[in-house]
Every structure is written in C-alpha cells, then in structure tokens.
Amino acid sequence: MLLHSYVLEAGTTPISYFPIVLQLIMALVFVGGVMIATHLLGPKRKGSDKLENFECGIQSQGNARQPMAINYFLTAILFVLFDVEVIFFYPYAVNFKILGWAGFWEMVLFVAFFFAGFFYIIRKGALNWRD
Amino acid sequence: MILQIGTYLLVEKFILISIVLAISLLVAMYSTYAERKVAAVIQDRRGPNRAGPFGILQPLADGAKLFFKEEIIPSHSTRFLFILGPSLAMLTACMTGAVIPWGDSLHLGGHVVPLQVADVNIGILFIFGVVSLGVYGIMIGAWASNNKFSLLGGIRAASQIISYELAMGLSLIALLMLTGSLSLNDIVRQQHGFWKNGYFTWNFFRQPIGFLIFLVCAFAECNRTPFDLAECENELVNGYHTEYSSMKLGFYLFAEYVNMFISSAVMATLFFGGFNFPFMDHLGLSANWITILGVVALFVKTGFFIFLFMWVRWTIPRFRYDQLMKLGWKMLIPLALLNMVVTGGAALFFNH
C-alpha cells in the first residue's frame with residue numbers, strides 16, 4: 001500500500017510513466033491486429049492497371065516526389081526556430097509566481113527579442129504566400 | 001508484498017487503459033454517426049436511417065465494410081511507409097488519452113483507484129509531444145503514396161499543423177502562469193466546484209482569449225473545417241489519403257475523430273473545469289457518486305465541444321491557404337504573446 005500510494009502521488013518518478021508504456025503496448029497491439037485482420041479479410045484481385053496511381057483518371061506523368069514551393073520549407077524552418085523560443089516560456093510560466101516582477105520584466109525583454117525576429121521575417125516576406 | 005501490489009497496480013491500469021481506449025474508439029465511431037445526423041439537421045435532411053432504429057447501427061456497418069474492402073497498395077508507392085503512415089496516425093491518436101484525468105478517484109473496498117491512466121507532472125507537454133508525432137503519420141502516408149495530390153495534401157497538412165502548434169503552445173502559457181503546474185490533474189483540482197471567493201473557478205473565466213486561440217488551433221490541429229485544406233476535394237481529390245483504401249483509409253478517418261474527441265476532452269479539462277461541476281460539494285452524496293457524476297459532467301462538456309466541431313464544419317466554408325497561414329502566423333501568434341504579457345502583468349499587479 002505504501003508503494004502504491006507513493007507511485008500514485010509523486011508525478012516525478014520514472015515508474016509513474018509505466019502506465020504510458022502499457023498504453024503504448026496496448027495501442028500497438030490494437031493497431032497491428034486491425035492491420036493484419038483487414039489484410040486477411042479483404043478480397044485480393046490485383047492487376048497492373050488497378051495498382052496504378054489514381055490521378056483523376058489521367059495517365060500519371062513522372063514521379064510525384066518533386067521539389068515543392070519554397071514557402072513550405074521556410075515555414076518548417078521558422079517553426080523550428082520559434083518553437084524552441086516557445087519552449088523557453090514553459091519553465092518561466094510554471095515558476096511565474098516565484099519569480100515576481102523581476103522575472104516578468106525579463107520575460108518582456110525575451111518577448112521583445114521574439115518580436116524582433118518575428119518582424120524581421122515578416123518584413124523579409126518569408127510568410128507571403130501570394131506572388 | 002511489493003510484488004503483490006505491483007500486480008494489483010498492473011491489473012488496475014490494464015482495466016483502466018482498456019476502458020479508456022474502448023470509450024475513445026466508441027465515441028469516435030458514434031461521432032461519425034453524429035456528424036452525419038448533425039449535417040442532416042443543418043441541411044434539412046434525414047441522415048442515415050436504414051441500419052437499425054434511427055440508423056443507430058450505421059457506424060458498425062461502415063466499420064465492417066471497411067474491413068471487408070480490398071486493400072490496394074499502388075505499384076509505385078513505398079510499401080512499408082504506405083502501411084506505416086495510417087498506423088502511426090492511429091497510434092498517436094490512441095496515446096493522447098493517457099494523461100487526461102477522466103474523473104476523481106473511486107474508492108473500491110479500501111483501494112483508491114484514480115480515473116487517470118498516468119498522472120505525470122508534464123501532462124500538457126506529453127499531449128503536445130504526441131500530437132506533433134501525428135504529423136508524421138500524415139506526412140509519411142502522403143509521401144509514400146507517390147501521388148501528386150497526396151503529396152501536396154500532406155505538405156499542406158504538415159505546414160498547417162506545425163504553424164498552429166506555435167500559437168497553441170503560446171496560448172497555454174498564460175494559463176500555466178495562473179495554474180503554476182503542467183500536470184492536468186493539478187489544473188483540474190484548482191478548478192474545484194464552480195464559484196469560490198466571489199469569482200468563477202473555471203479557467204475559461206480567467207483566460208477567455210487564451211481559450212479562443214486554443215479552440216481555433218484545436219480545429220486546425222485536427223484538420224477540421226474551416227482548416228481542412230489538406231483534404232479539400234475540389235483541389236486535391238482527397239488530399240493525403242487519396243490512394244488509401246480499406247481499413248488504412250478507415251484509420252486516417254478514425255484517427256481524426258479520436259483526435260477530435262481527445263482535444264474536446266483537453267479543452268474541457270483545461271478551461272471548463274474537467275470533472276468538476278457546480279454545487280458538487282452541496283449535494284450530500286458519497287464521494288463515489290460525486291466521482292461518477294464528475295465523469296458524466298466531463299463527457300457532457302466533451303460532447304458539447306464535439307458538437308461545436310460539427311456545427312462549425314457544416315456552417316463555415318474553408319479558407320484559402322494564404323489566409324490560413326496569415327491567420328496562424330500574423331494574428332494568432334502576436335495575439336497569444338500579447339495575452340501572455342497582459343495576463344502576467346495583471347496577475348502580478350493584483351497580487352501586490
């Protein structure tokens with residue numbers, strides 16, 4: 001009982017992550033089981049025309065894996081940059097009450113840096129989607 | 001002794017996880033039915049009404065049909081990734097429910113059974129982490145299809161989801177400043193009851209703007225209208241799941257509904273008091289009954305948000321892609337930052 005209550009009350013011990021592992025195993029079994037079941041249950045009548053890619057009934061031209069518009073790539077890169085900055089806010093938010101006004105002004109300074117970068121990419125037109 | 005308790009814990013968690021997974025899947029199944037009925041009501045039609053009374057068995061019929069369809073793996077696709085994509089989408093959808101507190105503790109014959117699979121102190125970060133893995137499911141499936149429409153849909157989905165993740169993360173920081181904890185269990189317990197010390201206890205009444213941003217981002221994260229550009233049929237056939245058939249298609253569609261259910265539950269937990277309900281201390285019932293009523297309260301709130309998802313889908317037309325990106329980057333992110341600074345200033349000012 002002692003161990004039991006300890007495990008349930010403390011959120012920091014590695015053992016409190018154990019149920020998540022258990023859920024992962026059960027979800028894996030479910031997903032794998034359904035995938036195998038649907039593979040076995042469905043009919044199999046294959047033909048080379050049937051297995052062609054579906055592109056609105058028009059014969060497909062070449063490989064689909066071609067370079068895409070640069071905007072998608074820029075969005076992904078900027079996401080990585082800004083997401084790291086967002087993550088820095090989380091420890092601050094949790095300790096917000098302890099840090100008080102001093103922490104608040106430092107956070108405002110950090111937000112100012114965030115905005116500086118943000119305005120730079122907007123002025124550069126990195127987020128413009130229309131040509 | 002320790003071994004015995006370990007086995008007990010294992011069985012308890014096993015049963016709880018089975019129930020959580022079963023309920024998520026059941027709710028997702030009946031969400032498809034509810035969506036068609038809601039659409040029917042809004043468009044002045046009848047909706048599915050053939051399978052069983054009021055068409056209540058329709059989701060079972062749809063599920064069985066998906067199982068017995070031929071599965072097609074196109075000859076130009078990458079076979080392993082083609083199967084991995086929908087599996088990953090479904091797997092991540094099944095994992096997020098682990099840290100949500102579905103109810104208070106039940107007292108069963110001397111044992112205290114918390115109705116939460118894992119009470120970890122980084123609950124919200126866990127949800128964010130798992131949700132962002134869902135992007136891989138869509139992206140891998142889309143790329144593996146080797147179809148131009150799929151790839152474009154997948155890339156659209158990926159860059160939309162990551163863009164709105166920023167605003168979503170920022171909108172929660174203001175909330176976390178007030179709660180001071182990342183554990184969902186702590187956040188729910190702080191919202192006990194409904195009214196205390198002359199103000200509402202639910203976080204929505206402290207963070208209305210934060211909630212609004214979170215709601216919009218939740219719509220975008222779940223690829224729901226008006227943000228369903230990844231699968232807009234008049235431009236991209238069916239988007240990232242154009243090439244899919246059988247239960248692999250079912251997994252993509254199903255994962256969307258499970259995500260919808262989980263994000264509704266998260267919104268109810270973070271902003272609308274989770275399993276708390278008004279007058280819960282004044283009913284004079286035993287603790288177990290309050291817990292059960294709390295679970296019902298959480299499901300009522302979740303059900304309302306699921307209905308909101310459907311209501312919006314059948315009311316609002318979808319955005320153009322540049323409008324979507326403009327809303328995410330140029331409006332929601334600055335608004336969330338502003339909300340954070342104002343909340344921080346106000347909280348400190350009124351505490352002193």
# chains A, B, ... in the order shown; residues from 1 in each chain; ligands from 1
>>> residues_around(residues="Trp105 in chain A", least_positions_apart="6", cutoff="10 Å", atoms="only C-alpha atoms", output="list in words")
Val111 of chain A; Val341, Gly344 and Gly345 of chain B
>>> residues_around(residues="range 94-97 of chain A", least_positions_apart="5", cutoff="6 Å", atoms="only C-alpha atoms", output="ChimeraX atom specification")
/B:177,180-181
>>> write_last_selection(atoms="C-alpha atoms", output="CSV table (one decimal), in the first residue's frame")
chain,number,residue,atom,x,y,z
B,177,MET,CA,1.2,31.2,-15.3
B,180,GLY,CA,1.7,27.1,-11.9
B,181,SER,CA,1.6,23.4,-12.9
>>> closest_atom_pairs(of="range 214-323 of chain B", to="range 18-32 of chain A", cutoff="12 Å", atoms="only C-alpha atoms", output="CSV")
residue,atom,partner,partner_atom,distance
B:Met247,CA,A:Val31,CA,10.4
B:Lys248,CA,A:Val31,CA,10.2
B:Gly250,CA,A:Val31,CA,11.6
B:Phe251,CA,A:Val31,CA,8.8
B:Tyr252,CA,A:Val31,CA,11.9
B:Phe254,CA,A:Val31,CA,11.8
B:Ala255,CA,A:Val31,CA,11.2
>>> write_last_selection(atoms="N, CA and C atoms", output="PDB file, in the first residue's frame")
ATOM      1  N   MET B 247      -9.174  -0.625 -44.458  1.00  0.00           N
ATOM      2  CA  MET B 247      -9.080  -0.114 -43.086  1.00  0.00           C
ATOM      3  C   MET B 247      -7.962   0.919 -42.939  1.00  0.00           C
ATOM      4  N   LYS B 248      -7.031   0.983 -43.903  1.00  0.00           N
ATOM      5  CA  LYS B 248      -5.972   2.002 -43.807  1.00  0.00           C
ATOM      6  C   LYS B 248      -6.589   3.385 -43.997  1.00  0.00           C
ATOM      7  N   GLY B 250      -9.700   3.850 -43.294  1.00  0.00           N
ATOM      8  CA  GLY B 250     -10.501   3.935 -42.076  1.00  0.00           C
ATOM      9  C   GLY B 250      -9.698   4.489 -40.911  1.00  0.00           C
ATOM     10  N   PHE B 251      -8.431   4.073 -40.815  1.00  0.00           N
ATOM     11  CA  PHE B 251      -7.576   4.547 -39.727  1.00  0.00           C
ATOM     12  C   PHE B 251      -7.372   6.052 -39.809  1.00  0.00           C
ATOM     13  N   TYR B 252      -7.134   6.574 -41.013  1.00  0.00           N
ATOM     14  CA  TYR B 252      -6.952   8.020 -41.150  1.00  0.00           C
ATOM     15  C   TYR B 252      -8.214   8.773 -40.715  1.00  0.00           C
ATOM     16  N   PHE B 254     -10.644   7.643 -38.853  1.00  0.00           N
ATOM     17  CA  PHE B 254     -10.928   7.329 -37.466  1.00  0.00           C
ATOM     18  C   PHE B 254     -10.035   8.129 -36.533  1.00  0.00           C
ATOM     19  N   ALA B 255      -8.748   8.238 -36.928  1.00  0.00           N
ATOM     20  CA  ALA B 255      -7.797   8.985 -36.108  1.00  0.00           C
ATOM     21  C   ALA B 255      -8.258  10.440 -35.978  1.00  0.00           C
TER      22      ALA B 255
END
>>> atom_distance(atom1="CA of Arg65 in chain A", atom2="CA of Ile122 in chain A")
29.4 Å
>>> residues_around(residues="Lys44 in chain A", least_positions_apart="2", cutoff="7 Å", atoms="only C-alpha atoms", output="count of residues only")
3
>>> closest_residue(among="A:Ala37, A:Tyr92, A:Met68, A:Ala126", to="Glu106 in chain A", atoms="only C-alpha atoms")
A:Tyr92
>>> residues_around(residues="Ile15 in chain B", least_positions_apart="4", cutoff="12 Å", atoms="only C-alpha atoms", output="VMD selection string")
(chain A and resid 19 22 to 23 26) or (chain B and resid 8 to 11 19 to 22 113 115 to 117)
>>> write_last_selection(atoms="N, CA and C atoms", output="PDB file, in the first residue's frame")
ATOM      1  N   PRO A  19       2.434   3.351 -16.790  1.00  0.00           N
ATOM      2  CA  PRO A  19       1.145   3.163 -17.470  1.00  0.00           C
ATOM      3  C   PRO A  19       1.135   3.654 -18.905  1.00  0.00           C
ATOM      4  N   LEU A  22       2.461   0.950 -20.914  1.00  0.00           N
ATOM      5  CA  LEU A  22       1.421  -0.087 -21.023  1.00  0.00           C
ATOM      6  C   LEU A  22       0.405   0.307 -22.101  1.00  0.00           C
ATOM      7  N   GLN A  23       0.010   1.595 -22.094  1.00  0.00           N
ATOM      8  CA  GLN A  23      -0.961   2.051 -23.091  1.00  0.00           C
ATOM      9  C   GLN A  23      -0.366   1.978 -24.496  1.00  0.00           C
ATOM     10  N   MET A  26      -0.587  -1.573 -25.616  1.00  0.00           N
ATOM     11  CA  MET A  26      -1.958  -1.954 -25.982  1.00  0.00           C
ATOM     12  C   MET A  26      -2.383  -1.314 -27.294  1.00  0.00           C
TER      13      MET A  26
ATOM     14  N   TYR B   8      -1.350  -5.859  -8.599  1.00  0.00           N
ATOM     15  CA  TYR B   8      -2.625  -5.165  -8.444  1.00  0.00           C
ATOM     16  C   TYR B   8      -2.664  -3.901  -9.297  1.00  0.00           C
ATOM     17  N   LEU B   9      -1.548  -3.130  -9.228  1.00  0.00           N
ATOM     18  CA  LEU B   9      -1.457  -1.890  -9.992  1.00  0.00           C
ATOM     19  C   LEU B   9      -1.546  -2.172 -11.482  1.00  0.00           C
ATOM     20  N   LEU B  10      -0.852  -3.252 -11.889  1.00  0.00           N
ATOM     21  CA  LEU B  10      -0.833  -3.620 -13.298  1.00  0.00           C
ATOM     22  C   LEU B  10      -2.241  -3.937 -13.794  1.00  0.00           C
ATOM     23  N   VAL B  11      -2.982  -4.743 -12.994  1.00  0.00           N
ATOM     24  CA  VAL B  11      -4.333  -5.129 -13.396  1.00  0.00           C
ATOM     25  C   VAL B  11      -5.234  -3.901 -13.444  1.00  0.00           C
ATOM     26  N   ILE B  19     -10.596   0.448 -20.813  1.00  0.00           N
ATOM     27  CA  ILE B  19     -11.830   1.228 -20.830  1.00  0.00           C
ATOM     28  C   ILE B  19     -11.625   2.529 -21.586  1.00  0.00           C
ATOM     29  N   VAL B  20     -10.486   3.213 -21.314  1.00  0.00           N
ATOM     30  CA  VAL B  20     -10.231   4.494 -21.985  1.00  0.00           C
ATOM     31  C   VAL B  20     -10.141   4.304 -23.495  1.00  0.00           C
ATOM     32  N   LEU B  21      -9.391   3.263 -23.930  1.00  0.00           N
ATOM     33  CA  LEU B  21      -9.265   3.014 -25.372  1.00  0.00           C
ATOM     34  C   LEU B  21     -10.617   2.668 -25.979  1.00  0.00           C
ATOM     35  N   ALA B  22     -11.375   1.782 -25.281  1.00  0.00           N
ATOM     36  CA  ALA B  22     -12.675   1.365 -25.812  1.00  0.00           C
ATOM     37  C   ALA B  22     -13.604   2.558 -25.938  1.00  0.00           C
ATOM     38  N   VAL B 113      -8.763   4.178  -6.479  1.00  0.00           N
ATOM     39  CA  VAL B 113      -8.486   3.998  -7.902  1.00  0.00           C
ATOM     40  C   VAL B 113      -8.637   5.343  -8.607  1.00  0.00           C
ATOM     41  N   LEU B 115      -9.032   7.779 -11.658  1.00  0.00           N
ATOM     42  CA  LEU B 115      -9.507   7.560 -13.021  1.00  0.00           C
ATOM     43  C   LEU B 115      -8.637   8.343 -14.014  1.00  0.00           C
ATOM     44  N   GLN B 116      -7.351   8.139 -13.892  1.00  0.00           N
ATOM     45  CA  GLN B 116      -6.403   8.741 -14.818  1.00  0.00           C
ATOM     46  C   GLN B 116      -5.321   7.708 -15.050  1.00  0.00           C
ATOM     47  N   VAL B 117      -4.976   7.471 -16.306  1.00  0.00           N
ATOM     48  CA  VAL B 117      -4.033   6.379 -16.586  1.00  0.00           C
ATOM     49  C   VAL B 117      -2.666   6.698 -16.000  1.00  0.00           C
TER      50      VAL B 117
END
>>> atom_distance(atom1="CA of Thr92 in chain B", atom2="CA of Tyr240 in chain B")
17.2 Å
>>> residues_around(residues="Phe119 in chain A", least_positions_apart="6", cutoff="12 Å", atoms="only C-alpha atoms", output="JSON, numbers by chain")
{"A": [112, 113, 125, 126, 127], "B": [329, 330, 333, 334]}
>>> closest_residue(among="B:Ile124, B:Val27, B:Ala297, B:Ala39", to="chain A", atoms="only C-alpha atoms")
B:Ile124
